[in-house]
$ cat coords_25.csv   # CSV, C-alpha atoms
chain,number,residue,atom,x,y,z
A,288,MET,CA,44.2,223.6,188.4
A,289,ASP,CA,45.1,223.9,192.1
A,290,ASN,CA,46.4,220.3,192.1
A,291,TRP,CA,48.5,221.1,189.1
A,292,ILE,CA,50.1,224.2,190.8
A,293,ALA,CA,50.6,222.2,194.0
A,294,ASP,CA,52.3,219.4,192.2
A,295,GLY,CA,54.6,221.8,190.3
A,296,LEU,CA,55.6,223.6,193.5
A,297,ILE,CA,56.4,220.3,195.2
A,298,GLN,CA,58.6,219.3,192.3
A,299,TYR,CA,60.3,222.6,192.5
A,300,LEU,CA,61.0,222.3,196.2
A,301,MET,CA,62.4,218.8,195.6
A,302,LEU,CA,64.7,220.2,192.9
A,303,VAL,CA,66.0,223.1,195.1
A,304,ALA,CA,66.7,220.7,198.0
A,305,LEU,CA,68.5,218.3,195.7
A,306,LEU,CA,70.6,221.0,194.1
A,307,THR,CA,71.5,222.3,197.5
A,308,PHE,CA,72.9,219.0,198.6
A,309,HIS,CA,74.7,218.7,195.3
A,310,GLU,CA,76.5,222.0,195.7
A,311,PHE,CA,77.1,221.3,199.4
A,312,GLY,CA,78.9,218.1,198.3
A,313,HIS,CA,81.2,220.0,196.0
A,314,ALA,CA,82.0,222.7,198.6
A,315,TRP,CA,82.5,220.3,201.5
A,316,THR,CA,84.8,218.0,199.5
A,317,ALA,CA,86.8,221.0,198.2
A,318,MET,CA,87.3,222.2,201.8
A,319,LYS,CA,88.5,218.7,202.8
A,320,CYS,CA,91.0,218.7,199.9
A,321,GLY,CA,92.6,221.9,201.0
A,322,ASP,CA,90.7,224.6,199.2
A,323,ASP,CA,88.7,226.9,201.5
A,324,THR,CA,87.5,229.2,198.8
A,325,ALA,CA,83.9,227.9,199.0
A,326,LYS,CA,84.0,228.0,202.8
A,327,GLN,CA,85.1,231.6,202.9
A,328,MET,CA,82.2,232.5,200.6
A,329,GLY,CA,79.7,230.6,202.8
A,330,ARG,CA,79.0,227.8,200.4
A,331,VAL,CA,79.7,224.9,202.7
A,332,SER,CA,76.1,225.1,203.8
A,333,LEU,CA,72.8,223.4,203.4
A,334,ASN,CA,71.0,226.8,203.2
A,335,PRO,CA,69.5,226.8,199.7
A,336,ILE,CA,69.7,230.6,199.5
A,337,VAL,CA,73.5,230.6,199.2
A,338,HIS,CA,73.4,228.3,196.2
A,339,ILE,CA,70.5,229.9,194.3
A,340,ASP,CA,71.2,231.2,190.8
A,341,PRO,CA,68.4,233.5,189.6
A,342,ILE,CA,68.3,231.9,186.1
A,343,GLY,CA,69.3,228.3,186.8
A,344,THR,CA,67.6,227.8,190.1
A,345,VAL,CA,64.5,230.0,189.7
A,346,LEU,CA,63.5,230.9,186.2
A,347,MET,CA,64.5,227.8,184.2
A,348,PRO,CA,63.1,225.1,186.6
A,349,LEU,CA,59.8,227.0,187.0
A,350,LEU,CA,59.5,227.2,183.2
A,351,MET,CA,60.3,223.5,182.9
A,352,ILE,CA,57.6,222.6,185.4
A,353,PHE,CA,54.8,225.0,184.5
A,354,LEU,CA,55.1,225.4,180.7
A,355,PRO,CA,53.2,223.0,178.5
A,356,HIS,CA,55.1,219.7,178.3
A,357,GLN,CA,56.0,220.2,174.6
A,358,VAL,CA,57.9,223.3,175.5
A,359,GLY,CA,59.0,222.8,179.1
A,360,ARG,CA,60.5,219.4,178.8
A,361,PHE,CA,63.6,220.8,177.1
A,362,LEU,CA,64.4,223.2,179.8
A,363,ILE,CA,66.8,222.5,182.6
A,364,GLY,CA,68.1,224.0,185.8
A,365,GLY,CA,71.1,224.2,188.1
A,366,ALA,CA,72.5,226.0,191.1
A,367,LYS,CA,75.3,228.6,191.3
A,368,PRO,CA,78.6,226.8,190.7
A,369,VAL,CA,80.8,226.4,193.8
A,370,PRO,CA,83.9,228.5,193.5
A,371,VAL,CA,87.1,226.5,193.8
A,372,ASN,CA,90.8,227.3,193.4
A,373,PRO,CA,92.5,224.1,192.1
A,374,SER,CA,95.9,225.4,193.0
A,375,ASN,CA,95.0,225.0,196.7
A,376,TYR,CA,94.4,221.2,196.3
A,377,ARG,CA,97.0,218.9,197.8
A,378,TYR,CA,96.9,216.7,194.8
A,379,PRO,CA,95.5,218.8,192.0
A,380,ASN,CA,94.2,216.3,189.5
A,381,ARG,CA,93.0,213.7,192.0
A,382,ASP,CA,91.3,216.3,194.2
A,383,ASP,CA,89.7,218.0,191.2
A,384,ILE,CA,88.1,214.7,190.2
A,385,LEU,CA,87.0,214.0,193.8
A,386,VAL,CA,85.4,217.5,194.1
A,387,THR,CA,83.8,217.0,190.8
A,388,LEU,CA,82.3,213.6,191.6
A,389,ALA,CA,81.1,214.8,195.0
A,390,GLY,CA,78.1,216.6,193.6
A,391,PRO,CA,76.7,213.7,191.5
A,392,GLY,CA,77.8,211.3,194.2
A,393,MET,CA,75.7,213.2,196.7
A,394,ASN,CA,72.7,212.8,194.5
A,395,LEU,CA,73.3,209.1,194.1
A,396,LEU,CA,73.6,208.7,197.9
A,397,LEU,CA,70.4,210.7,198.4
A,398,ALA,CA,68.5,208.5,196.0
A,399,VAL,CA,69.6,205.4,198.0
A,400,VAL,CA,68.6,207.0,201.3
A,401,ILE,CA,65.3,208.3,200.0
A,402,LEU,CA,64.3,205.0,198.6
A,403,ALA,CA,65.2,203.3,201.9
A,404,VAL,CA,63.0,205.8,203.7
A,405,ALA,CA,60.2,205.2,201.1
A,406,ARG,CA,60.4,201.4,201.8
A,407,ILE,CA,60.0,202.1,205.6
A,408,VAL,CA,57.1,204.4,204.9
A,409,SER,CA,55.4,201.8,202.7
A,410,VAL,CA,55.1,199.5,205.7
A,411,PHE,CA,52.6,202.0,207.1
A,412,GLY,CA,50.5,202.1,203.9
A,413,GLN,CA,51.3,205.8,203.1
A,414,ASP,CA,51.3,205.3,199.4
A,415,ASP,CA,51.1,209.0,198.5
A,416,VAL,CA,54.2,209.7,200.5
A,417,VAL,CA,56.0,206.7,199.0
A,418,MET,CA,55.2,208.0,195.5
A,419,LEU,CA,56.5,211.5,196.4
A,420,LEU,CA,59.7,210.0,197.8
A,421,ALA,CA,60.2,207.8,194.7
A,422,GLN,CA,59.7,210.8,192.5
A,423,MET,CA,62.4,212.7,194.5
A,424,ALA,CA,64.8,209.8,194.3
A,425,HIS,CA,64.3,209.6,190.5
A,426,LEU,CA,64.9,213.4,190.2
A,427,SER,CA,68.1,213.0,192.3
A,428,LEU,CA,69.3,210.4,189.8
A,429,ILE,CA,68.5,212.6,186.9
A,430,LEU,CA,70.6,215.4,188.4
A,431,CYS,CA,73.4,212.9,189.0
A,432,PHE,CA,73.6,211.5,185.5
A,433,PHE,CA,72.7,214.7,183.7
A,434,ASN,CA,75.7,216.4,185.4
A,435,LEU,CA,78.1,213.5,185.1
A,436,LEU,CA,77.4,212.0,181.6
A,437,LEU,CA,77.2,215.3,179.6
A,438,PRO,CA,80.8,216.5,179.4
A,439,ILE,CA,79.8,220.1,178.5
A,440,PRO,CA,80.9,223.1,180.6
A,441,PRO,CA,79.7,224.0,183.2
A,442,LEU,CA,78.4,220.5,184.0
A,443,ASP,CA,80.5,218.2,186.2
A,444,GLY,CA,81.4,215.7,183.5
A,445,SER,CA,83.2,218.4,181.6
A,446,ARG,CA,85.7,218.9,184.4
A,447,ILE,CA,86.7,215.2,184.3
A,448,LEU,CA,87.1,215.5,180.5
A,449,ARG,CA,89.3,218.6,181.0
A,450,ILE,CA,91.7,216.5,183.1
A,451,MET,CA,91.6,213.6,180.6
A,452,VAL,CA,92.5,215.8,177.6
A,453,GLY,CA,95.0,218.0,179.5
A,454,MET,CA,93.1,221.2,179.1
A,455,SER,CA,94.2,224.1,181.3
A,456,ASN,CA,91.9,225.7,183.8
A,457,GLU,CA,92.1,229.0,181.9
A,458,GLN,CA,90.9,227.4,178.7
A,459,TYR,CA,88.1,225.5,180.6
A,460,TYR,CA,86.8,228.7,182.3
A,461,ARG,CA,86.7,230.5,179.0
A,462,LEU,CA,84.4,227.7,177.6
A,463,ALA,CA,82.4,227.7,180.8
A,464,GLN,CA,81.5,231.4,180.3
A,465,LEU,CA,79.0,230.3,177.7
A,466,GLY,CA,76.9,229.1,180.5
A,467,TYR,CA,74.0,226.7,179.8
A,468,ILE,CA,73.5,227.7,176.1
A,469,PRO,CA,75.5,224.8,174.7
A,470,VAL,CA,73.9,222.4,177.2
A,471,LEU,CA,70.4,223.5,176.1
A,472,ILE,CA,71.3,222.9,172.5
A,473,ILE,CA,72.8,219.5,173.1
A,474,TRP,CA,69.9,218.4,175.4
A,475,GLN,CA,67.5,218.9,172.5
A,476,ILE,CA,69.1,216.0,170.6
A,477,PRO,CA,66.7,213.1,171.1
A,478,GLY,CA,69.5,210.5,171.5
A,479,VAL,CA,71.1,212.5,174.3
A,480,GLN,CA,67.8,212.6,176.2
A,481,ARG,CA,67.2,208.9,175.7
A,482,PHE,CA,70.7,208.1,176.9
A,483,ILE,CA,70.5,210.2,180.1
A,484,LEU,CA,66.9,209.2,181.0
A,485,GLY,CA,67.5,205.6,180.1
A,486,THR,CA,70.5,205.4,182.3
A,487,THR,CA,68.5,207.1,185.1
A,488,ASP,CA,65.6,204.7,184.8
A,489,ALA,CA,67.9,201.6,184.8
A,490,VAL,CA,69.7,202.7,187.9
A,491,PHE,CA,66.4,203.7,189.6
A,492,ASP,CA,64.9,200.3,188.9
A,493,MET,CA,68.0,198.6,190.3
A,494,LEU,CA,67.9,200.7,193.5
A,495,ALA,CA,64.1,200.3,193.8
A,496,ARG,CA,64.6,196.5,193.7
A,497,TRP,CA,67.3,196.7,196.3
A,498,ALA,CA,65.0,198.7,198.5
A,499,GLY,CA,62.4,196.0,198.2
A,500,PHE,CA,60.0,197.5,195.7
A,501,ALA,CA,58.6,195.4,192.9
$ encode --input "coords_25.csv" --output "C-alpha coordinates"
Amino acid sequence: MDNWIADGLIQYLMLVALLTFHEFGHAWTAMKCGDDTAKQMGRVSLNPIVHIDPIGTVLMPLLMIFLPHQVGRFLIGGAKPVPVNPSNYRYPNRDDILVTLAGPGMNLLLAVVILAVARIVSVFGQDDVVMLLAQMAHLSLILCFFNLLLPIPPLDGSRILRIMVGMSNEQYYRLAQLGYIPVLIIWQIPGVQRFILGTTDAVFDMLARWAGFA
(Lines of atoms letter the chains of each structure in order from A and count residues from 1; the text may use other names and numbers.)
(Lines give C-alpha, C1' and ligand atoms only; values in the text may rest on other atoms or scores of the structure.)
Protein backbone atom coordinates (compact mmCIF):
# COMPACT_ATOMS: atom_id res chain seq x y z
CA MET A 1 0.00 0.00 0.00
CA ASP A 2 2.81 2.43 0.93
CA ASN A 3 4.53 1.82 -2.42
CA TRP A 4 1.26 2.41 -4.23
CA ILE A 5 0.77 5.75 -2.47
CA ALA A 6 4.40 6.78 -3.08
CA ASP A 7 4.17 5.89 -6.78
CA GLY A 8 0.95 7.89 -7.09
CA LEU A 9 2.45 10.93 -5.42
CA ILE A 10 5.53 10.76 -7.67
CA GLN A 11 3.27 10.67 -10.74
CA TYR A 12 1.33 13.63 -9.40
CA LEU A 13 4.47 15.70 -8.78
CA MET A 14 5.64 14.89 -12.31
CA LEU A 15 2.31 16.06 -13.69
CA VAL A 16 2.38 19.33 -11.75
CA ALA A 17 5.92 20.07 -12.92
CA LEU A 18 5.05 19.34 -16.55
CA LEU A 19 1.87 21.43 -16.41
CA THR A 20 3.88 24.29 -14.90
CA PHE A 21 6.35 24.28 -17.79
CA HIS A 22 3.45 23.98 -20.25
CA GLU A 23 1.73 27.11 -18.94
CA PHE A 24 5.03 28.94 -18.59
CA GLY A 25 5.61 28.29 -22.30
CA HIS A 26 2.28 29.93 -23.18
CA ALA A 27 2.87 32.91 -20.88
CA TRP A 28 6.47 33.56 -21.94
CA THR A 29 5.64 33.36 -25.65
CA ALA A 30 2.64 35.68 -25.25
CA MET A 31 4.92 38.22 -23.56
CA LYS A 32 7.44 37.97 -26.39
CA CYS A 33 4.62 38.48 -28.92
CA GLY A 34 3.60 41.77 -27.32
CA ASP A 35 0.91 40.75 -24.81
CA ASP A 36 1.93 41.35 -21.19
CA THR A 37 -1.40 40.23 -19.68
CA ALA A 38 0.07 37.03 -18.28
CA LYS A 39 3.17 38.88 -17.05
CA GLN A 40 1.06 41.40 -15.13
CA MET A 41 -0.79 38.51 -13.45
CA GLY A 42 2.45 36.78 -12.44
CA ARG A 43 2.03 33.86 -14.82
CA VAL A 44 5.44 34.12 -16.54
CA SER A 45 6.78 31.94 -13.77
CA LEU A 46 7.95 28.41 -13.01
CA ASN A 47 6.27 28.59 -9.61
CA PRO A 48 3.60 25.84 -9.73
CA ILE A 49 1.34 27.69 -7.31
CA VAL A 50 0.48 30.45 -9.79
CA HIS A 51 -0.69 27.88 -12.36
CA ILE A 52 -2.70 25.57 -10.09
CA ASP A 53 -6.40 25.12 -10.73
CA PRO A 54 -8.22 23.49 -7.78
CA ILE A 55 -10.22 21.16 -10.00
CA GLY A 56 -7.92 20.55 -12.97
CA THR A 57 -4.59 20.45 -11.15
CA VAL A 58 -5.59 19.00 -7.79
CA LEU A 59 -8.85 17.06 -7.73
CA MET A 60 -8.98 15.46 -11.18
CA PRO A 61 -5.35 14.24 -11.41
CA LEU A 62 -5.45 12.79 -7.90
CA LEU A 63 -8.63 10.93 -8.76
CA MET A 64 -7.01 9.72 -11.99
CA ILE A 65 -4.03 8.38 -10.06
CA PHE A 66 -5.64 6.93 -6.95
CA LEU A 67 -9.04 5.63 -8.08
CA PRO A 68 -9.26 2.06 -9.43
CA HIS A 69 -7.96 1.85 -12.99
CA GLN A 70 -11.40 1.10 -14.42
CA VAL A 71 -12.65 4.47 -13.14
CA GLY A 72 -9.62 6.71 -12.96
CA ARG A 73 -8.24 6.11 -16.41
CA PHE A 74 -10.91 8.33 -17.97
CA LEU A 75 -10.12 11.34 -15.80
CA ILE A 76 -7.78 14.08 -16.92
CA GLY A 77 -6.15 17.18 -15.51
CA GLY A 78 -4.91 20.58 -16.49
CA ALA A 79 -3.63 23.88 -15.14
CA LYS A 80 -5.27 27.28 -14.95
CA PRO A 81 -5.33 28.69 -18.51
CA VAL A 82 -2.91 31.53 -19.17
CA PRO A 83 -4.80 34.82 -19.70
CA VAL A 84 -4.04 36.45 -23.03
CA ASN A 85 -5.35 39.43 -24.96
CA PRO A 86 -4.92 38.66 -28.68
CA SER A 87 -5.53 42.30 -29.57
CA ASN A 88 -2.08 43.05 -28.10
CA TYR A 89 -0.29 40.68 -30.48
CA ARG A 90 1.82 42.27 -33.18
CA TYR A 91 0.54 39.80 -35.78
CA PRO A 92 -2.73 38.43 -34.29
CA ASN A 93 -3.22 35.15 -36.14
CA ARG A 94 0.46 34.22 -36.35
CA ASP A 95 1.16 35.11 -32.75
CA ASP A 96 -1.98 33.34 -31.52
CA ILE A 97 -0.73 30.15 -33.18
CA LEU A 98 2.78 30.62 -31.74
CA VAL A 99 1.41 31.13 -28.22
CA THR A 100 -0.87 28.13 -28.61
CA LEU A 101 1.91 25.85 -29.84
CA ALA A 102 4.30 27.01 -27.11
CA GLY A 103 2.64 24.85 -24.43
CA PRO A 104 2.70 21.53 -26.31
CA GLY A 105 6.06 22.51 -27.77
CA MET A 106 7.45 22.91 -24.27
CA ASN A 107 6.24 19.42 -23.38
CA LEU A 108 7.86 17.97 -26.51
CA LEU A 109 11.14 19.73 -25.70
CA LEU A 110 11.01 18.49 -22.11
CA ALA A 111 10.51 14.91 -23.31
CA VAL A 112 13.65 15.18 -25.46
CA VAL A 113 15.70 16.70 -22.62
CA ILE A 114 14.43 14.19 -20.04
CA LEU A 115 15.26 11.21 -22.27
CA ALA A 116 18.72 12.63 -22.93
CA VAL A 117 19.28 12.91 -19.17
CA ALA A 118 17.94 9.37 -18.72
CA ARG A 119 20.50 8.10 -21.23
CA ILE A 120 23.30 9.76 -19.28
CA VAL A 121 21.99 8.34 -16.00
CA SER A 122 21.78 4.85 -17.54
CA VAL A 123 25.56 4.86 -17.96
CA PHE A 124 25.85 4.78 -14.17
CA GLY A 125 23.45 1.84 -13.83
CA GLN A 126 20.69 3.76 -12.05
CA ASP A 127 17.86 1.79 -13.61
CA ASP A 128 15.17 2.97 -11.18
CA VAL A 129 15.96 6.60 -11.94
CA VAL A 130 16.00 5.88 -15.67
CA MET A 131 12.52 4.32 -15.44
CA LEU A 132 11.17 7.35 -13.56
CA LEU A 133 12.65 9.72 -16.13
CA ALA A 134 11.22 7.64 -18.99
CA GLN A 135 7.82 7.73 -17.31
CA MET A 136 8.05 11.50 -16.97
CA ALA A 137 9.04 11.91 -20.63
CA HIS A 138 6.10 9.75 -21.70
CA LEU A 139 3.71 11.78 -19.54
CA SER A 140 5.07 14.99 -21.06
CA LEU A 141 4.28 13.65 -24.53
CA ILE A 142 0.77 12.69 -23.45
CA LEU A 143 0.19 16.29 -22.34
CA CYS A 144 1.61 17.52 -25.65
CA PHE A 145 -0.61 15.45 -27.91
CA PHE A 146 -3.68 15.48 -25.68
CA ASN A 147 -3.69 19.28 -25.80
CA LEU A 148 -2.71 19.57 -29.45
CA LEU A 149 -4.70 16.82 -31.19
CA LEU A 150 -8.04 17.28 -29.45
CA PRO A 151 -9.53 20.49 -30.95
CA ILE A 152 -11.98 20.99 -28.08
CA PRO A 153 -12.06 24.15 -25.93
CA PRO A 154 -10.19 24.89 -23.73
CA LEU A 155 -7.45 22.59 -25.12
CA ASP A 156 -4.73 24.13 -27.28
CA GLY A 157 -5.75 22.42 -30.51
CA SER A 158 -9.10 24.23 -30.39
CA ARG A 159 -7.42 27.63 -30.67
CA ILE A 160 -5.70 26.59 -33.89
CA LEU A 161 -9.03 25.29 -35.21
CA ARG A 162 -10.62 28.63 -34.27
CA ILE A 163 -8.20 30.45 -36.55
CA MET A 164 -8.65 27.94 -39.36
CA VAL A 165 -12.47 28.28 -39.39
CA GLY A 166 -12.47 32.04 -38.76
CA MET A 167 -14.28 31.90 -35.41
CA SER A 168 -14.21 35.10 -33.38
CA ASN A 169 -12.56 35.22 -29.98
CA GLU A 170 -15.92 36.03 -28.40
CA GLN A 171 -17.53 32.88 -29.84
CA TYR A 172 -14.55 30.80 -28.78
CA TYR A 173 -14.59 32.05 -25.19
CA ARG A 174 -18.29 31.27 -24.94
CA LEU A 175 -17.56 27.67 -25.93
CA ALA A 176 -14.59 27.51 -23.57
CA GLN A 177 -16.85 28.39 -20.63
CA LEU A 178 -18.08 24.79 -20.70
CA GLY A 179 -14.70 23.84 -19.28
CA TYR A 180 -13.56 20.23 -19.35
CA ILE A 181 -17.03 18.65 -19.57
CA PRO A 182 -16.94 18.19 -23.40
CA VAL A 183 -13.34 16.97 -23.14
CA LEU A 184 -14.31 14.33 -20.58
CA ILE A 185 -17.13 13.14 -22.81
CA ILE A 186 -15.01 12.94 -25.97
CA TRP A 187 -12.11 11.28 -24.11
CA GLN A 188 -14.31 8.32 -23.23
CA ILE A 189 -14.61 7.40 -26.90
CA PRO A 190 -12.19 4.42 -27.30
CA GLY A 191 -11.00 5.53 -30.72
CA VAL A 192 -9.99 8.93 -29.37
CA GLN A 193 -7.91 7.35 -26.62
CA ARG A 194 -6.26 4.95 -29.03
CA PHE A 195 -5.37 7.81 -31.39
CA ILE A 196 -3.83 10.05 -28.71
CA LEU A 197 -2.02 7.29 -26.83
CA GLY A 198 -0.90 5.59 -30.07
CA THR A 199 0.60 8.84 -31.32
CA THR A 200 2.27 9.36 -27.96
CA ASP A 201 3.77 5.87 -27.94
CA ALA A 202 5.05 6.19 -31.52
CA VAL A 203 6.82 9.50 -30.83
CA PHE A 204 8.15 8.22 -27.50
CA ASP A 205 9.65 5.15 -29.20
CA MET A 206 11.27 7.36 -31.85
CA LEU A 207 12.76 9.71 -29.24
CA ALA A 208 13.91 6.77 -27.07
CA ARG A 209 15.78 5.29 -30.03
CA TRP A 210 17.33 8.71 -30.72
CA ALA A 211 18.49 8.81 -27.10
CA GLY A 212 20.15 5.42 -27.51
CA PHE A 213 17.62 3.14 -25.80
CA ALA A 214 16.64 -0.15 -27.36
$ atom_distance --input "coords_25.csv" --atom1 "CA of Gln464 in chain A" --atom2 "CA of Arg481 in chain A"
27.1 Å
$ residues_around --input "coords_25.csv" --residues "Gly499 in chain A" --least-positions-apart "6" --cutoff "10 Å" --atoms "all atoms listed in the file" --output "number ranges by chain"
A: 402-403, 405-407
$ residues_around --input "coords_25.csv" --residues "Leu462 in chain A" --least-positions-apart "6" --cutoff "9 Å" --atoms "only C-alpha atoms" --output "list in words"
Ile439, Pro440 and Pro441 of chain A
$ atom_distance --input "coords_25.csv" --atom1 "CA of Val345 in chain A" --atom2 "CA of Val479 in chain A"
24.2 Å
$ residues_near_point --input "coords_25.csv" --point "(66.6, 209.2, 184.1)" --cutoff "12 Å" --atoms "all atoms listed in the file" --output "list in words"
Gln422, Met423, Ala424, His425, Leu426, Ser427, Leu428, Ile429, Leu430, Cys431, Phe432, Phe433, Asn434, Leu436, Val479, Gln480, Arg481, Phe482, Ile483, Leu484, Gly485, Thr486, Thr487, Asp488, Ala489, Val490, Phe491 and Asp492 of chain A
$ closest_residue --input "coords_25.csv" --among "A:Tyr299, A:Tyr467, A:Trp315, A:Tyr459" --to "Leu385 in chain A" --atoms "only C-alpha atoms"
A:Trp315
